[in-house]
file model.cif (mmCIF, N, CA and C atoms)
data_my_file
loop_
_atom_site.label_atom_id
_atom_site.label_comp_id
_atom_site.auth_asym_id
_atom_site.auth_seq_id
_atom_site.Cartn_x
_atom_site.Cartn_y
_atom_site.Cartn_z
N MET A 15 -1.01 -0.01 32.81
CA MET A 15 -2.39 -0.40 32.93
C MET A 15 -3.30 0.56 32.17
N ALA A 16 -3.14 1.86 32.37
CA ALA A 16 -3.99 2.84 31.69
C ALA A 16 -3.77 2.80 30.18
N ARG A 17 -2.53 2.51 29.78
CA ARG A 17 -2.23 2.46 28.35
C ARG A 17 -2.98 1.31 27.67
N SER A 18 -3.09 0.16 28.32
CA SER A 18 -3.79 -0.98 27.71
C SER A 18 -5.28 -0.72 27.60
N ILE A 19 -5.85 0.04 28.52
CA ILE A 19 -7.28 0.35 28.46
C ILE A 19 -7.57 1.26 27.27
N THR A 20 -6.75 2.30 27.09
CA THR A 20 -7.00 3.20 25.97
C THR A 20 -6.73 2.52 24.64
N LYS A 21 -5.79 1.60 24.62
CA LYS A 21 -5.48 0.89 23.38
C LYS A 21 -6.65 -0.02 22.98
N ARG A 22 -7.32 -0.62 23.96
CA ARG A 22 -8.44 -1.49 23.67
C ARG A 22 -9.63 -0.72 23.11
N ASN A 23 -9.86 0.50 23.60
CA ASN A 23 -11.02 1.28 23.17
C ASN A 23 -10.81 1.93 21.81
N ARG A 24 -9.59 2.04 21.36
CA ARG A 24 -9.30 2.68 20.09
C ARG A 24 -9.38 1.68 18.94
N CYS A 25 -9.94 2.09 17.82
CA CYS A 25 -9.96 1.23 16.64
C CYS A 25 -8.67 1.41 15.86
N SER A 26 -8.32 0.43 15.09
CA SER A 26 -7.07 0.48 14.35
C SER A 26 -7.14 1.50 13.23
N ARG A 27 -6.04 2.18 12.98
CA ARG A 27 -5.84 3.12 11.87
C ARG A 27 -6.84 4.28 11.87
N GLY A 28 -7.34 4.65 13.03
CA GLY A 28 -8.17 5.83 13.14
C GLY A 28 -9.59 5.69 12.62
N HIS A 29 -10.06 4.48 12.32
CA HIS A 29 -11.42 4.30 11.85
C HIS A 29 -12.40 4.41 13.01
N GLN A 30 -13.63 4.71 12.68
CA GLN A 30 -14.66 4.82 13.69
C GLN A 30 -14.95 3.45 14.28
N ASN A 31 -15.53 3.48 15.46
CA ASN A 31 -16.00 2.26 16.09
C ASN A 31 -17.12 1.67 15.22
N PRO A 32 -17.10 0.36 14.92
CA PRO A 32 -18.11 -0.21 14.03
C PRO A 32 -19.54 0.00 14.52
N SER A 33 -19.76 0.06 15.83
CA SER A 33 -21.12 0.24 16.33
C SER A 33 -21.59 1.68 16.16
N SER A 34 -20.67 2.65 16.00
CA SER A 34 -21.07 4.04 15.87
C SER A 34 -21.17 4.49 14.42
N ARG A 35 -20.80 3.63 13.48
CA ARG A 35 -20.91 3.98 12.06
C ARG A 35 -22.36 4.09 11.66
N LYS A 36 -22.64 5.03 10.78
CA LYS A 36 -23.99 5.20 10.28
C LYS A 36 -24.26 4.13 9.22
N LYS A 37 -25.36 3.43 9.37
CA LYS A 37 -25.72 2.39 8.41
C LYS A 37 -26.44 3.01 7.23
N SER A 38 -26.15 2.51 6.04
CA SER A 38 -26.82 3.04 4.85
C SER A 38 -28.26 2.55 4.81
N HIS A 39 -29.09 3.29 4.12
CA HIS A 39 -30.52 2.99 4.06
C HIS A 39 -30.79 1.71 3.27
N SER A 40 -29.99 1.47 2.23
CA SER A 40 -30.29 0.36 1.34
C SER A 40 -29.75 -0.98 1.82
N CYS A 41 -28.87 -0.97 2.81
CA CYS A 41 -28.33 -2.26 3.25
C CYS A 41 -29.35 -2.99 4.11
N THR A 42 -29.31 -4.30 4.06
CA THR A 42 -30.23 -5.10 4.85
C THR A 42 -29.55 -5.54 6.11
N TYR A 43 -30.32 -5.95 7.09
CA TYR A 43 -29.73 -6.35 8.34
C TYR A 43 -29.10 -7.72 8.22
N LEU A 44 -28.30 -8.07 9.21
CA LEU A 44 -27.46 -9.24 9.18
C LEU A 44 -28.25 -10.52 8.93
N GLY A 45 -27.79 -11.34 8.01
CA GLY A 45 -28.39 -12.64 7.77
C GLY A 45 -29.45 -12.66 6.70
N HIS A 46 -29.78 -11.53 6.11
CA HIS A 46 -30.78 -11.51 5.07
C HIS A 46 -30.17 -11.02 3.77
N ARG A 47 -30.61 -11.63 2.68
CA ARG A 47 -30.06 -11.30 1.37
C ARG A 47 -30.80 -10.13 0.75
N ASN A 48 -30.15 -9.57 -0.25
CA ASN A 48 -30.73 -8.48 -1.00
C ASN A 48 -31.14 -9.02 -2.38
N TYR A 49 -32.42 -8.98 -2.67
CA TYR A 49 -32.96 -9.55 -3.89
C TYR A 49 -33.27 -8.50 -4.95
N SER A 50 -32.73 -7.28 -4.81
CA SER A 50 -33.10 -6.20 -5.72
C SER A 50 -32.71 -6.50 -7.17
N LEU A 51 -31.61 -7.18 -7.39
CA LEU A 51 -31.20 -7.54 -8.75
C LEU A 51 -32.23 -8.46 -9.40
N TYR A 52 -32.72 -9.45 -8.65
CA TYR A 52 -33.69 -10.40 -9.17
C TYR A 52 -35.06 -9.74 -9.36
N ILE A 53 -35.42 -8.84 -8.45
CA ILE A 53 -36.68 -8.11 -8.58
C ILE A 53 -36.66 -7.29 -9.87
N ASN A 54 -35.54 -6.64 -10.13
CA ASN A 54 -35.40 -5.82 -11.33
C ASN A 54 -35.47 -6.67 -12.60
N ARG A 55 -34.84 -7.84 -12.58
CA ARG A 55 -34.88 -8.73 -13.75
C ARG A 55 -36.30 -9.18 -14.06
N VAL A 56 -37.04 -9.58 -13.02
CA VAL A 56 -38.42 -10.03 -13.22
C VAL A 56 -39.29 -8.88 -13.70
N LEU A 57 -39.09 -7.69 -13.13
CA LEU A 57 -39.85 -6.52 -13.57
C LEU A 57 -39.60 -6.22 -15.03
N LYS A 58 -38.35 -6.29 -15.47
CA LYS A 58 -38.02 -6.00 -16.88
C LYS A 58 -38.58 -7.06 -17.82
N GLU A 59 -38.74 -8.30 -17.34
CA GLU A 59 -39.36 -9.34 -18.15
C GLU A 59 -40.86 -9.08 -18.31
N VAL A 60 -41.49 -8.68 -17.21
CA VAL A 60 -42.94 -8.50 -17.23
C VAL A 60 -43.33 -7.19 -17.90
N VAL A 61 -42.73 -6.08 -17.46
CA VAL A 61 -43.05 -4.76 -17.99
C VAL A 61 -41.73 -4.04 -18.29
N PRO A 62 -41.20 -4.16 -19.51
CA PRO A 62 -39.87 -3.61 -19.82
C PRO A 62 -39.77 -2.09 -19.71
N GLU A 63 -40.86 -1.36 -19.95
CA GLU A 63 -40.76 0.10 -19.96
C GLU A 63 -40.95 0.73 -18.58
N ARG A 64 -41.21 -0.06 -17.55
CA ARG A 64 -41.44 0.48 -16.21
C ARG A 64 -40.19 0.41 -15.35
N GLY A 65 -40.11 1.33 -14.39
CA GLY A 65 -39.04 1.33 -13.40
C GLY A 65 -39.62 1.15 -12.01
N ILE A 66 -38.74 1.15 -11.02
CA ILE A 66 -39.18 0.94 -9.64
C ILE A 66 -38.27 1.77 -8.73
N SER A 67 -38.83 2.36 -7.70
CA SER A 67 -38.04 3.21 -6.81
C SER A 67 -37.26 2.37 -5.80
N SER A 68 -36.27 2.99 -5.19
CA SER A 68 -35.45 2.26 -4.21
C SER A 68 -36.26 1.91 -2.97
N ARG A 69 -37.21 2.75 -2.62
CA ARG A 69 -38.09 2.46 -1.47
C ARG A 69 -38.92 1.21 -1.75
N THR A 70 -39.41 1.08 -2.97
CA THR A 70 -40.18 -0.10 -3.34
C THR A 70 -39.30 -1.34 -3.37
N PHE A 71 -38.02 -1.18 -3.80
CA PHE A 71 -37.07 -2.29 -3.74
C PHE A 71 -36.92 -2.77 -2.30
N ASP A 72 -36.79 -1.83 -1.37
CA ASP A 72 -36.64 -2.19 0.04
C ASP A 72 -37.86 -2.93 0.56
N ILE A 73 -39.06 -2.48 0.16
CA ILE A 73 -40.30 -3.12 0.60
C ILE A 73 -40.39 -4.54 0.03
N MET A 74 -40.08 -4.69 -1.25
CA MET A 74 -40.12 -6.02 -1.87
C MET A 74 -39.08 -6.95 -1.26
N ASN A 75 -37.90 -6.41 -0.99
CA ASN A 75 -36.84 -7.21 -0.37
C ASN A 75 -37.27 -7.69 1.01
N THR A 76 -37.88 -6.81 1.79
CA THR A 76 -38.37 -7.19 3.11
C THR A 76 -39.46 -8.25 3.01
N LEU A 77 -40.35 -8.10 2.04
CA LEU A 77 -41.40 -9.08 1.83
C LEU A 77 -40.83 -10.46 1.49
N ILE A 78 -39.87 -10.50 0.58
CA ILE A 78 -39.27 -11.77 0.19
C ILE A 78 -38.53 -12.42 1.36
N ASN A 79 -37.77 -11.62 2.11
CA ASN A 79 -37.07 -12.17 3.27
C ASN A 79 -38.03 -12.66 4.34
N ASN A 80 -39.14 -11.96 4.52
CA ASN A 80 -40.14 -12.36 5.50
C ASN A 80 -40.79 -13.68 5.11
N ILE A 81 -41.20 -13.80 3.86
CA ILE A 81 -41.81 -15.05 3.38
C ILE A 81 -40.82 -16.21 3.48
N PHE A 82 -39.57 -15.96 3.09
CA PHE A 82 -38.54 -17.01 3.17
C PHE A 82 -38.36 -17.47 4.61
N GLU A 83 -38.31 -16.53 5.53
CA GLU A 83 -38.11 -16.88 6.94
C GLU A 83 -39.31 -17.67 7.48
N ARG A 84 -40.51 -17.26 7.11
CA ARG A 84 -41.71 -17.96 7.58
C ARG A 84 -41.79 -19.36 7.02
N ILE A 85 -41.46 -19.53 5.72
CA ILE A 85 -41.48 -20.87 5.12
C ILE A 85 -40.43 -21.76 5.78
N SER A 86 -39.24 -21.23 6.00
CA SER A 86 -38.19 -22.04 6.62
C SER A 86 -38.53 -22.42 8.06
N MET A 87 -39.16 -21.51 8.79
CA MET A 87 -39.57 -21.84 10.17
C MET A 87 -40.65 -22.92 10.19
N HIS A 88 -41.65 -22.80 9.31
CA HIS A 88 -42.69 -23.83 9.24
C HIS A 88 -42.13 -25.17 8.78
N ALA A 89 -41.23 -25.13 7.81
CA ALA A 89 -40.64 -26.38 7.31
C ALA A 89 -39.80 -27.05 8.39
N SER A 90 -39.05 -26.26 9.15
CA SER A 90 -38.23 -26.86 10.21
C SER A 90 -39.11 -27.42 11.33
N SER A 91 -40.24 -26.76 11.62
CA SER A 91 -41.13 -27.30 12.65
C SER A 91 -41.80 -28.59 12.17
N LEU A 92 -42.15 -28.65 10.87
CA LEU A 92 -42.69 -29.90 10.33
C LEU A 92 -41.67 -31.02 10.39
N MET A 93 -40.42 -30.69 10.11
CA MET A 93 -39.34 -31.67 10.21
C MET A 93 -39.20 -32.16 11.65
N TYR A 94 -39.31 -31.23 12.59
CA TYR A 94 -39.19 -31.58 14.01
C TYR A 94 -40.34 -32.48 14.46
N PHE A 95 -41.58 -32.17 14.01
CA PHE A 95 -42.74 -32.97 14.41
C PHE A 95 -42.70 -34.36 13.83
N ARG A 96 -42.04 -34.53 12.70
CA ARG A 96 -41.92 -35.85 12.08
C ARG A 96 -40.72 -36.63 12.61
N ASN A 97 -40.02 -36.06 13.58
CA ASN A 97 -38.82 -36.67 14.20
C ASN A 97 -37.75 -36.97 13.15
N ARG A 98 -37.53 -36.01 12.26
CA ARG A 98 -36.51 -36.14 11.22
C ARG A 98 -35.40 -35.14 11.50
N ARG A 99 -34.24 -35.41 10.94
CA ARG A 99 -33.12 -34.49 11.08
C ARG A 99 -32.71 -33.86 9.75
N THR A 100 -33.39 -34.26 8.69
CA THR A 100 -33.08 -33.74 7.36
C THR A 100 -34.30 -33.03 6.80
N LEU A 101 -34.08 -31.82 6.32
CA LEU A 101 -35.16 -31.06 5.70
C LEU A 101 -35.37 -31.56 4.28
N THR A 102 -36.55 -32.04 3.98
CA THR A 102 -36.85 -32.60 2.67
C THR A 102 -37.68 -31.61 1.85
N PRO A 103 -37.71 -31.80 0.54
CA PRO A 103 -38.56 -30.93 -0.30
C PRO A 103 -40.05 -31.02 0.08
N GLU A 104 -40.47 -32.17 0.57
CA GLU A 104 -41.87 -32.31 0.98
C GLU A 104 -42.18 -31.40 2.16
N ASP A 105 -41.24 -31.24 3.09
CA ASP A 105 -41.45 -30.32 4.21
C ASP A 105 -41.62 -28.89 3.72
N ILE A 106 -40.80 -28.50 2.77
CA ILE A 106 -40.89 -27.14 2.24
C ILE A 106 -42.20 -26.95 1.49
N GLN A 107 -42.60 -27.95 0.70
CA GLN A 107 -43.87 -27.84 -0.03
C GLN A 107 -45.06 -27.76 0.91
N LYS A 108 -45.05 -28.54 1.97
CA LYS A 108 -46.14 -28.49 2.94
C LYS A 108 -46.18 -27.14 3.66
N ALA A 109 -45.01 -26.58 3.95
CA ALA A 109 -44.96 -25.27 4.58
C ALA A 109 -45.51 -24.19 3.65
N VAL A 110 -45.21 -24.31 2.35
CA VAL A 110 -45.75 -23.35 1.37
C VAL A 110 -47.26 -23.48 1.30
N TYR A 111 -47.78 -24.70 1.29
CA TYR A 111 -49.23 -24.90 1.25
C TYR A 111 -49.90 -24.37 2.51
N LEU A 112 -49.22 -24.44 3.65
CA LEU A 112 -49.80 -23.91 4.89
C LEU A 112 -49.81 -22.38 4.93
N LEU A 113 -48.80 -21.75 4.34
CA LEU A 113 -48.66 -20.30 4.48
C LEU A 113 -49.36 -19.50 3.39
N LEU A 114 -49.31 -19.98 2.16
CA LEU A 114 -49.82 -19.20 1.04
C LEU A 114 -51.25 -19.61 0.69
N PRO A 115 -52.01 -18.71 0.07
CA PRO A 115 -53.36 -19.09 -0.40
C PRO A 115 -53.28 -20.21 -1.43
N LYS A 116 -54.40 -20.90 -1.62
CA LYS A 116 -54.44 -22.15 -2.37
C LYS A 116 -53.81 -22.07 -3.77
N LYS A 117 -54.29 -21.14 -4.59
CA LYS A 117 -53.82 -21.06 -5.97
C LYS A 117 -52.37 -20.58 -6.03
N LEU A 118 -52.02 -19.61 -5.20
CA LEU A 118 -50.65 -19.11 -5.17
C LEU A 118 -49.68 -20.19 -4.70
N ALA A 119 -50.09 -20.99 -3.71
CA ALA A 119 -49.24 -22.08 -3.23
C ALA A 119 -49.03 -23.13 -4.32
N LYS A 120 -50.09 -23.41 -5.06
CA LYS A 120 -50.01 -24.40 -6.14
C LYS A 120 -48.99 -23.96 -7.19
N TYR A 121 -49.08 -22.67 -7.61
CA TYR A 121 -48.13 -22.16 -8.60
C TYR A 121 -46.72 -22.07 -8.04
N ALA A 122 -46.58 -21.70 -6.79
CA ALA A 122 -45.26 -21.59 -6.17
C ALA A 122 -44.56 -22.95 -6.12
N VAL A 123 -45.30 -23.98 -5.74
CA VAL A 123 -44.72 -25.32 -5.68
C VAL A 123 -44.39 -25.82 -7.08
N ALA A 124 -45.27 -25.56 -8.05
CA ALA A 124 -45.02 -26.02 -9.42
C ALA A 124 -43.78 -25.36 -10.01
N PHE A 125 -43.68 -24.03 -9.88
CA PHE A 125 -42.53 -23.32 -10.42
C PHE A 125 -41.25 -23.65 -9.65
N GLY A 126 -41.37 -23.84 -8.35
CA GLY A 126 -40.20 -24.21 -7.55
C GLY A 126 -39.67 -25.59 -7.93
N SER A 127 -40.57 -26.54 -8.11
CA SER A 127 -40.15 -27.89 -8.52
C SER A 127 -39.51 -27.87 -9.90
N GLU A 128 -40.09 -27.08 -10.80
CA GLU A 128 -39.52 -26.97 -12.15
C GLU A 128 -38.12 -26.35 -12.11
N ALA A 129 -37.94 -25.34 -11.29
CA ALA A 129 -36.63 -24.70 -11.17
C ALA A 129 -35.59 -25.65 -10.59
N VAL A 130 -36.00 -26.46 -9.61
CA VAL A 130 -35.06 -27.44 -9.03
C VAL A 130 -34.69 -28.48 -10.08
N GLN A 131 -35.65 -28.95 -10.87
CA GLN A 131 -35.37 -29.93 -11.92
C GLN A 131 -34.43 -29.38 -12.98
N ARG A 132 -34.62 -28.10 -13.37
CA ARG A 132 -33.71 -27.49 -14.34
C ARG A 132 -32.31 -27.37 -13.76
N TYR A 133 -32.20 -27.05 -12.47
CA TYR A 133 -30.89 -26.92 -11.83
C TYR A 133 -30.19 -28.27 -11.74
N VAL A 134 -30.94 -29.31 -11.40
CA VAL A 134 -30.35 -30.65 -11.26
C VAL A 134 -29.85 -31.17 -12.60
N HIS A 135 -30.61 -30.91 -13.67
CA HIS A 135 -30.24 -31.45 -14.98
C HIS A 135 -29.29 -30.55 -15.77
N SER A 136 -28.90 -29.42 -15.22
CA SER A 136 -27.96 -28.56 -15.95
C SER A 136 -26.51 -28.87 -15.62
#
call {"tool": "encode", "arguments": {"input": "model.cif", "output": "structure tokens"}}
result
Amino acid sequence: MARSITKRNRCSRGHQNPSSRKKSHSCTYLGHRNYSLYINRVLKEVVPERGISSRTFDIMNTLINNIFERISMHASSLMYFRNRRTLTPEDIQKAVYLLLPKKLAKYAVAFGSEAVQRYVHS
């Protein structure tokens, strides 16, 4: 009996318990993506001679994940209020118009629609 208890508490091959491992600063929490590669590509397109610090990458990544989560929550609630079970592009566009300022929402929807069209036709 005592042997099975100690065996359960021990990790295999002498590794630390996953909950006691130190998490790295740059990793994101579960379920969220890391957009630092895309942030760097856009930065190099806009201002090729400039760089960006890792702290700023983390802030931008958090901002993008936050906006994505808010848009998806609003879009799913719009889908729910319309008694639908499928998330449509119109739900996402309406959520963007609700969350972002007028001109920014207009550009976001225009560029998003263009990107979807390029993806579909490629």
call {"tool": "closest_residue", "arguments": {"input": "model.cif", "among": "A:Ile53, A:Ala89, A:Val61, A:Val123", "to": "Asn75 (chain A)", "atoms": "only N, CA and C atoms"}}
result
A:Ile53
call {"tool": "atom_distance", "arguments": {"input": "model.cif", "atom1": "atom N of Ala124 (chain A)", "atom2": "CA of Gln107 (chain A)"}}
result
8.5 Å
call {"tool": "residues_around", "arguments": {"input": "model.cif", "residues": "Leu101 (chain A)", "least_positions_apart": "5", "cutoff": "7 Å", "atoms": "all atoms listed in the file", "output": "list in words"}}
result
Ala89, Ser90, Met93 and Ile106 of chain A
call {"tool": "atom_distance", "arguments": {"input": "model.cif", "atom1": "atom N of Thr102 (chain A)", "atom2": "atom C of Leu114 (chain A)"}}
result
19.5 Å
call {"tool": "atom_distance", "arguments": {"input": "model.cif", "atom1": "CA of His88 (chain A)", "atom2": "atom N of Pro103 (chain A)"}}
result
12.8 Å
call {"tool": "select_by_dssp", "arguments": {"input": "model.cif", "residues": "region 49-85 of chain A", "states": "helix (DSSP H, G or I)", "output": "ChimeraX atom specification"}}
result
/A:50-60,68-85
call {"tool": "resolve_selection", "arguments": {"input": "model.cif", "expression": "the PyMOL selection byres (((chain A and resi 66 and name CA) around 12) and name CA)", "output": "MDAnalysis selection string"}}
result
chainID A and resid 50:51 53:58 61:65 67:74
